[in-house]
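In what follows, a single structure is set out as structure tokens and then discussed.
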Amino acid sequence: MEAVDQAFVSLKHWIVGLFPPVAQPWASILLSITPILIFFPLLFGITTILERKGLGRMQNRLGPNRVGPAGFFQFIADGLKMLTKEDIVPRAADHAVHFIAPFVLLVPVLLAFSVLPYGRNMVPIDIDSGLLFFFAVGSATELSVFMAGWSSCNKYSLLGAMRGIAQMISYELPLVLASLTVVMMVGSLRLTEIVDAQSVPYWPWLPRWHVFTPWGCAGFLLFLVAATAESNRTPFDIPEAESEIIAGYLVEYSGFKYALFFLGEYLGLFAVSSLGITLFLGGWLPPFAFLSFIPSWLWFFVKLLSMIFLFIWIRGTLPRLRTDQLMAFAWKFMLPMTLINIVAAALWHFSRGWEVPFALGLRWLSCAAILVVPYWIFGRAVATRFAKRIYRYAT
Amino acid sequence: MLGSGIAKGMIETARNFVGSYTDESRLVTVEYPEERLPLKEASRNFPFLVYDGEDAAPGLRCVACQICEKECPPQCIYIVKDTAKKPDYLGKMQFQPRVFDIDVSVCMSCQICVEVCPFEAIKMDTEYELSTSDRFDGLLLKKEDLWKSNEYYQKIHPTEATEVDRRLAEEKAKAEAKAKADAEKAKAAADAKKAATATAATPSAPTSPAA
């Protein structure tokens with residue numbers, strides 16, 4: 001079991017050993033980067049076809065079924081189409097900025113993959129401030145959205161970019177604050193340490209994943225909503241909004257650059273899902289001790305696929321929000337809730353030494369109460385904004 | 001409470017997702033080129049010419065009267081009458097169209113040609129896969145492309161075709177009865193004439209059938 005679990009690690013060590021000592025650090029870096037560069041774009045392709053099939057099934061359609069067995073090779077056909085398409089740049093566009101915008105999106109997203117632990121001992125760079133690094137590079141994607149929108153010299157692009165900036169900055173805050181609770185509990189920004197902190201189960205049937213605590217459950221849900229908004233996915237796809245502003249900041253992109261944007265967005269989704277798994281769902285840890293014969297990287301992959309399915313499911317269900325609803329939701333619900341969640345996490349932390357009967361139950365109830373009551377109050381306040389509009393003249 | 005609607009929606013989509021795999025009746029998609037729904041009997045798009053019997057050219061009901069050509073609102077029918085009369089499927093001498101073209105790129109499927117035809121010769125077809133690589137000659141249907149048998153007509157519009165066949169049979173029977181009556185009348189007249197001449201001249205000459 002140990003051999004299978006560490007197969008990739010030992011393979012890498014063996015290959016690095018073949019190089020002369022001078023070249024070994026470089027070989028090690030290359031061998032960390034290459035699998036990420038191969039695996040995640042491939043997962044992107046597979047996700048697109050699975051997403052189209054899944055969405056089709058949710059709408060009682062068949063989905064694509066022409067290319068290959070059950071249409072599975074559709075993403076290869078789409079990729080070839082994208083590659084062979086003409087790359088049109090508008091005459092009025094700012095050519096240089098227009099050209100580099102997709103790369104400005106893709107490079108930070110790929111950098112974010114460098115600190116995520118994919119399995120036991122499988123983290124490309126294990127830095128002390130991994131979480132901070134992740135958010136630092138993650139927020140650079142906003143620049144690319146604005147570069148794309150501004151340089152296209154198109155009103156829809158600019159509108160899309162403006163919406164994108166407003167949305168991504170608004171939801172960056174809840175995303176970071178929701179993750180902050182985990183940092184408070186673990187006391188470290190190092191992602192491997194955060195995973196290790198979730199390794200000892202409470203009882204054999206309840207793993208110590210953060211999602212199984214009141215603050216962790218609320219934090220995970222808030223993180224999920226903020227992550228959906230950060231990766232511009234369906235209830236929050238306001239920057240793209242095909243039915244309103246055509247495709248927002250992507251209007252003037254075609255061919256390979258458009259494909260790069262898509263790749264960047266999906267890689268961002270995978271990265272933020274992986275972070276959610278690491279912070280709240282126990283990373284590469286198995287849920288129960290007797291399941292630990294399954295390799296750690298496979299557990300991570302299974303969790304990643306479930307997260308992707310969850311995002312597809314949400315996309316198949318929820319309609320797009322209006323911009324004012326989006327902003328109200330971010331500032332009047334998400335932000336207060338994440339702040340209260342920090343208070344709940346603090347209570348959980350300091351009540352650790354309580355010497356009263358039913359201490360765990362009491363801690364649970366008090367933390368849950370801190371979260372549920374404001375949820376109810378803020379929820380009512382937000383729900384009035386989502387209430388059915390009454391029009392005076394139109395019906 | 002906030003979020004209850006989201007949960008409801010998520011359950012609904014999950015039910016659809018699972019149901020589409022377990023319940024065949026949910027998937028209403030007809031995968032067109034491989035499978036197609038049967039057409040409604042009332043469906044129609046472009047006209048065709050009906051012929052009776054086995055042979056198309058002599059069996060055409062069309063007598064090149066050119067009423068449809070004149071009535072056609074977008075003027076998509078082009079007819080050239082044959083110079084000589086030819087026997088039709090009943091053996092009657094009739095004109096036939098030498099050229100009968102319909103430009104289906106112009107035709108608006110109004111069915112007026114069918115309404116005005118006194119000979120039940122032009123009817124609406126249900127063929128809809130007419131795409132072609134040549135939009136001029138490919139969409140200009142000649143007489144040979146247009147003629148289709150009465151059995152085909154029976155197949156695509158059974159009710160209407162039966163009605164047409166019944167009417168045609170009735171007319172044919174009426175025409176035959178009239179011809180018979182005419183023949184008898186002529187015979188009677190000839191007999192009377194013969195009798196008159198016989199009384200004037202010598203009787204006893206046996207009567208020969210009237211021409």
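By convention here, the chains of the structure tokens are called A, B, ... in the order presented, each chain's residues are numbered starting at 1, and ligands are numbered starting at 1 in the order presented.
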Could I get the residues of chain A with an atom no further than 9 Å from an atom of chain B, each paired with its nearest atom pair and that distance in Å to one decimal, using only C-alpha atoms, sorted by chain and residue number, as a tab-separated table?
residue	atom	partner	partner_atom	distance
A:Gly54	CA	B:Phe17	CA	7.3
A:Leu55	CA	B:Phe17	CA	8.2
A:Gly56	CA	B:Phe17	CA	8.4
A:Arg57	CA	B:Phe17	CA	5.0
A:Met58	CA	B:Phe17	CA	4.4
A:Gln59	CA	B:Asn16	CA	6.7
A:Asn60	CA	B:Leu27	CA	5.5
A:Arg61	CA	B:Leu27	CA	6.0
A:Leu62	CA	B:Leu27	CA	7.2
A:Trp313	CA	B:Met10	CA	7.3
A:Ile314	CA	B:Met10	CA	7.1
A:Gly316	CA	B:Thr13	CA	7.0
A:Thr317	CA	B:Met10	CA	5.9
A:Leu318	CA	B:Gly9	CA	7.4
A:Tyr375	CA	B:Leu2	CA	8.2
A:Trp376	CA	B:Met1	CA	6.8
A:Phe378	CA	B:Leu2	CA	8.7
A:Gly379	CA	B:Leu2	CA	5.0
A:Arg380	CA	B:Leu2	CA	6.8
A:Val382	CA	B:Leu2	CA	7.9
A:Ala383	CA	B:Leu2	CA	6.4
Could you write those residues out with C-alpha atoms, as a short mmCIF file (atom, residue, chain, number, x, y, z; two decimals), in the first residue's frame?
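The result, written out as selection_31.cif:
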data_model
loop_
_atom_site.label_atom_id
_atom_site.label_comp_id
_atom_site.auth_asym_id
_atom_site.auth_seq_id
_atom_site.Cartn_x
_atom_site.Cartn_y
_atom_site.Cartn_z
CA GLY A 54 -24.36 16.33 -17.05
CA LEU A 55 -26.14 19.58 -17.84
CA GLY A 56 -27.93 17.83 -20.68
CA ARG A 57 -29.13 15.09 -18.35
CA MET A 58 -30.33 17.67 -15.83
CA GLN A 59 -32.41 19.19 -18.61
CA ASN A 60 -33.55 15.75 -19.87
CA ARG A 61 -31.41 16.04 -22.98
CA LEU A 62 -28.80 13.61 -24.27
CA TRP A 313 -24.96 20.67 -10.46
CA ILE A 314 -25.20 24.25 -9.21
CA GLY A 316 -27.60 23.25 -13.92
CA THR A 317 -29.92 24.55 -11.22
CA LEU A 318 -29.56 28.22 -10.48
CA TYR A 375 -28.20 33.56 9.27
CA TRP A 376 -31.92 33.77 9.84
CA PHE A 378 -29.54 38.34 7.42
CA GLY A 379 -31.33 35.82 5.28
CA ARG A 380 -34.61 37.65 5.79
CA VAL A 382 -31.47 39.55 1.73
CA ALA A 383 -34.59 37.63 0.80
#
Q.
Residues of region 33-202 of chain B classed as strand (DSSP E) by DSSP on the backbone are to be reported as number ranges by chain.
A. B: 47-51, 77-81, 86-87, 93-94, 97-103, 122-124, 140-141, 147-149
Give me a file of those residues, with C-alpha atoms, as a PDB file, in the first residue's frame.
ATOM      1  CA  PRO B  47     -46.429  20.134 -54.991  1.00  0.00           C
ATOM      2  CA  PHE B  48     -45.979  16.980 -57.072  1.00  0.00           C
ATOM      3  CA  LEU B  49     -47.763  15.498 -60.105  1.00  0.00           C
ATOM      4  CA  VAL B  50     -49.914  12.394 -59.724  1.00  0.00           C
ATOM      5  CA  TYR B  51     -49.953   9.643 -62.337  1.00  0.00           C
ATOM      6  CA  ILE B  77     -44.602  26.850 -62.268  1.00  0.00           C
ATOM      7  CA  TYR B  78     -43.523  26.725 -65.908  1.00  0.00           C
ATOM      8  CA  ILE B  79     -45.501  24.617 -68.377  1.00  0.00           C
ATOM      9  CA  VAL B  80     -45.048  23.996 -72.112  1.00  0.00           C
ATOM     10  CA  LYS B  81     -47.917  22.195 -73.793  1.00  0.00           C
ATOM     11  CA  LYS B  86     -51.792  11.669 -76.904  1.00  0.00           C
ATOM     12  CA  PRO B  87     -53.958   8.980 -75.349  1.00  0.00           C
ATOM     13  CA  MET B  93     -56.901  11.790 -76.419  1.00  0.00           C
ATOM     14  CA  GLN B  94     -55.468  14.615 -74.241  1.00  0.00           C
ATOM     15  CA  PRO B  97     -47.159  18.826 -70.638  1.00  0.00           C
ATOM     16  CA  ARG B  98     -43.899  18.658 -72.572  1.00  0.00           C
ATOM     17  CA  VAL B  99     -42.190  20.716 -69.866  1.00  0.00           C
ATOM     18  CA  PHE B 100     -43.457  21.005 -66.287  1.00  0.00           C
ATOM     19  CA  ASP B 101     -41.016  22.732 -63.944  1.00  0.00           C
ATOM     20  CA  ILE B 102     -41.518  23.895 -60.376  1.00  0.00           C
ATOM     21  CA  ASP B 103     -38.843  26.069 -58.798  1.00  0.00           C
ATOM     22  CA  ILE B 122     -51.225  18.225 -58.713  1.00  0.00           C
ATOM     23  CA  LYS B 123     -51.027  17.481 -55.010  1.00  0.00           C
ATOM     24  CA  MET B 124     -48.870  18.468 -52.060  1.00  0.00           C
ATOM     25  CA  LEU B 140     -35.641  23.460 -60.117  1.00  0.00           C
ATOM     26  CA  LEU B 141     -37.685  20.261 -60.177  1.00  0.00           C
ATOM     27  CA  TRP B 147     -44.233  12.787 -61.022  1.00  0.00           C
ATOM     28  CA  LYS B 148     -45.188  10.307 -58.388  1.00  0.00           C
ATOM     29  CA  SER B 149     -47.664   7.435 -58.475  1.00  0.00           C
TER      30      SER B 149
END
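Of the residues under consideration (B:Pro33, B:Cys68, B:Lys92, B:Val63), B:Lys92 shows the shortest atom-to-atom contact distance to Lys172 (chain B) when counting only C-alpha atoms.
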Q | CA of Pro286 (chain A) to CA of Trp209 (chain A), distance in Å rounded to a single decimal | A |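 Atom-to-atom, CA of Pro286 (chain A) and CA of Trp209 (chain A) are spaced 10.1 Å apart.
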(Q) Report, in Å to a single decimal, how far apart CA of Ser273 (chain A) and CA of Leu304 (chain A) are. (A) 6.6 Å
Exercise: Arg233 (chain A) partners within 10 Å, only C-alpha atoms, chain neighbours under 3 positions left out, as a short mmCIF file (atom, residue, chain, number, x, y, z; two decimals) with N, CA and C atoms, in the first residue's frame:
data_model
loop_
_atom_site.label_atom_id
_atom_site.label_comp_id
_atom_site.auth_asym_id
_atom_site.auth_seq_id
_atom_site.Cartn_x
_atom_site.Cartn_y
_atom_site.Cartn_z
N VAL A 225 -19.67 29.38 -1.92
CA VAL A 225 -20.37 30.47 -2.63
C VAL A 225 -19.35 31.47 -3.17
N ALA A 227 -16.22 30.94 -3.80
CA ALA A 227 -15.41 30.32 -4.84
C ALA A 227 -16.16 30.30 -6.16
N THR A 228 -17.47 30.04 -6.10
CA THR A 228 -18.27 30.07 -7.33
C THR A 228 -18.20 31.46 -7.96
N ALA A 229 -18.30 32.48 -7.11
CA ALA A 229 -18.25 33.84 -7.63
C ALA A 229 -16.85 34.16 -8.16
N GLU A 230 -15.82 33.69 -7.45
CA GLU A 230 -14.45 33.98 -7.87
C GLU A 230 -14.15 33.36 -9.23
N PHE A 236 -23.20 33.19 -10.59
CA PHE A 236 -22.45 34.45 -10.57
C PHE A 236 -21.71 34.71 -11.88
N ASP A 237 -22.23 34.25 -13.00
CA ASP A 237 -21.48 34.47 -14.25
C ASP A 237 -21.85 35.80 -14.88
N ILE A 238 -22.03 36.79 -14.04
CA ILE A 238 -22.41 38.12 -14.50
C ILE A 238 -21.37 38.75 -15.44
N PRO A 239 -20.06 38.58 -15.23
CA PRO A 239 -19.11 39.18 -16.17
C PRO A 239 -19.27 38.62 -17.59
N GLU A 240 -19.71 37.37 -17.73
CA GLU A 240 -19.86 36.81 -19.08
C GLU A 240 -21.28 37.02 -19.59
N GLU A 265 -10.07 29.77 -16.77
CA GLU A 265 -11.21 29.79 -15.85
C GLU A 265 -11.41 28.44 -15.21
N TYR A 266 -11.30 27.38 -16.01
CA TYR A 266 -11.52 26.06 -15.43
C TYR A 266 -10.39 25.67 -14.50
N LEU A 269 -11.05 27.20 -11.34
CA LEU A 269 -12.07 26.44 -10.61
C LEU A 269 -11.45 25.23 -9.91
N PHE A 311 -20.22 21.77 -8.65
CA PHE A 311 -20.28 23.04 -9.39
C PHE A 311 -21.15 22.89 -10.64
N ILE A 312 -21.05 21.73 -11.30
CA ILE A 312 -21.88 21.50 -12.49
C ILE A 312 -23.36 21.45 -12.08
N ILE A 314 -24.74 22.89 -9.51
CA ILE A 314 -25.20 24.25 -9.21
C ILE A 314 -25.47 24.99 -10.51
N ARG A 315 -24.59 24.79 -11.48
CA ARG A 315 -24.78 25.48 -12.76
C ARG A 315 -26.06 25.04 -13.44
N ARG A 320 -29.03 33.16 -13.23
CA ARG A 320 -28.05 34.21 -12.95
C ARG A 320 -28.67 35.31 -12.09
#
Q) Can you list, as a PyMOL selection string, every protein, DNA or RNA residue that comes within 7 Å of region 357-364 of chain A when you count only C-alpha atoms, leaving out same-chain residues fewer than 4 positions away? A) chain A and resi 214+348+351+368
Q. In region 10-84 of chain B, what's alpha helix (DSSP H) per DSSP? Answer as an MDAnalysis selection string?
A. chainID B and resid 10:22 56:59 67:71
Q: In Å, rounded to a single decimal, give me how far CA of Ile125 (chain A) is from CA of Ser32 (chain A).
A: 8.8 Å
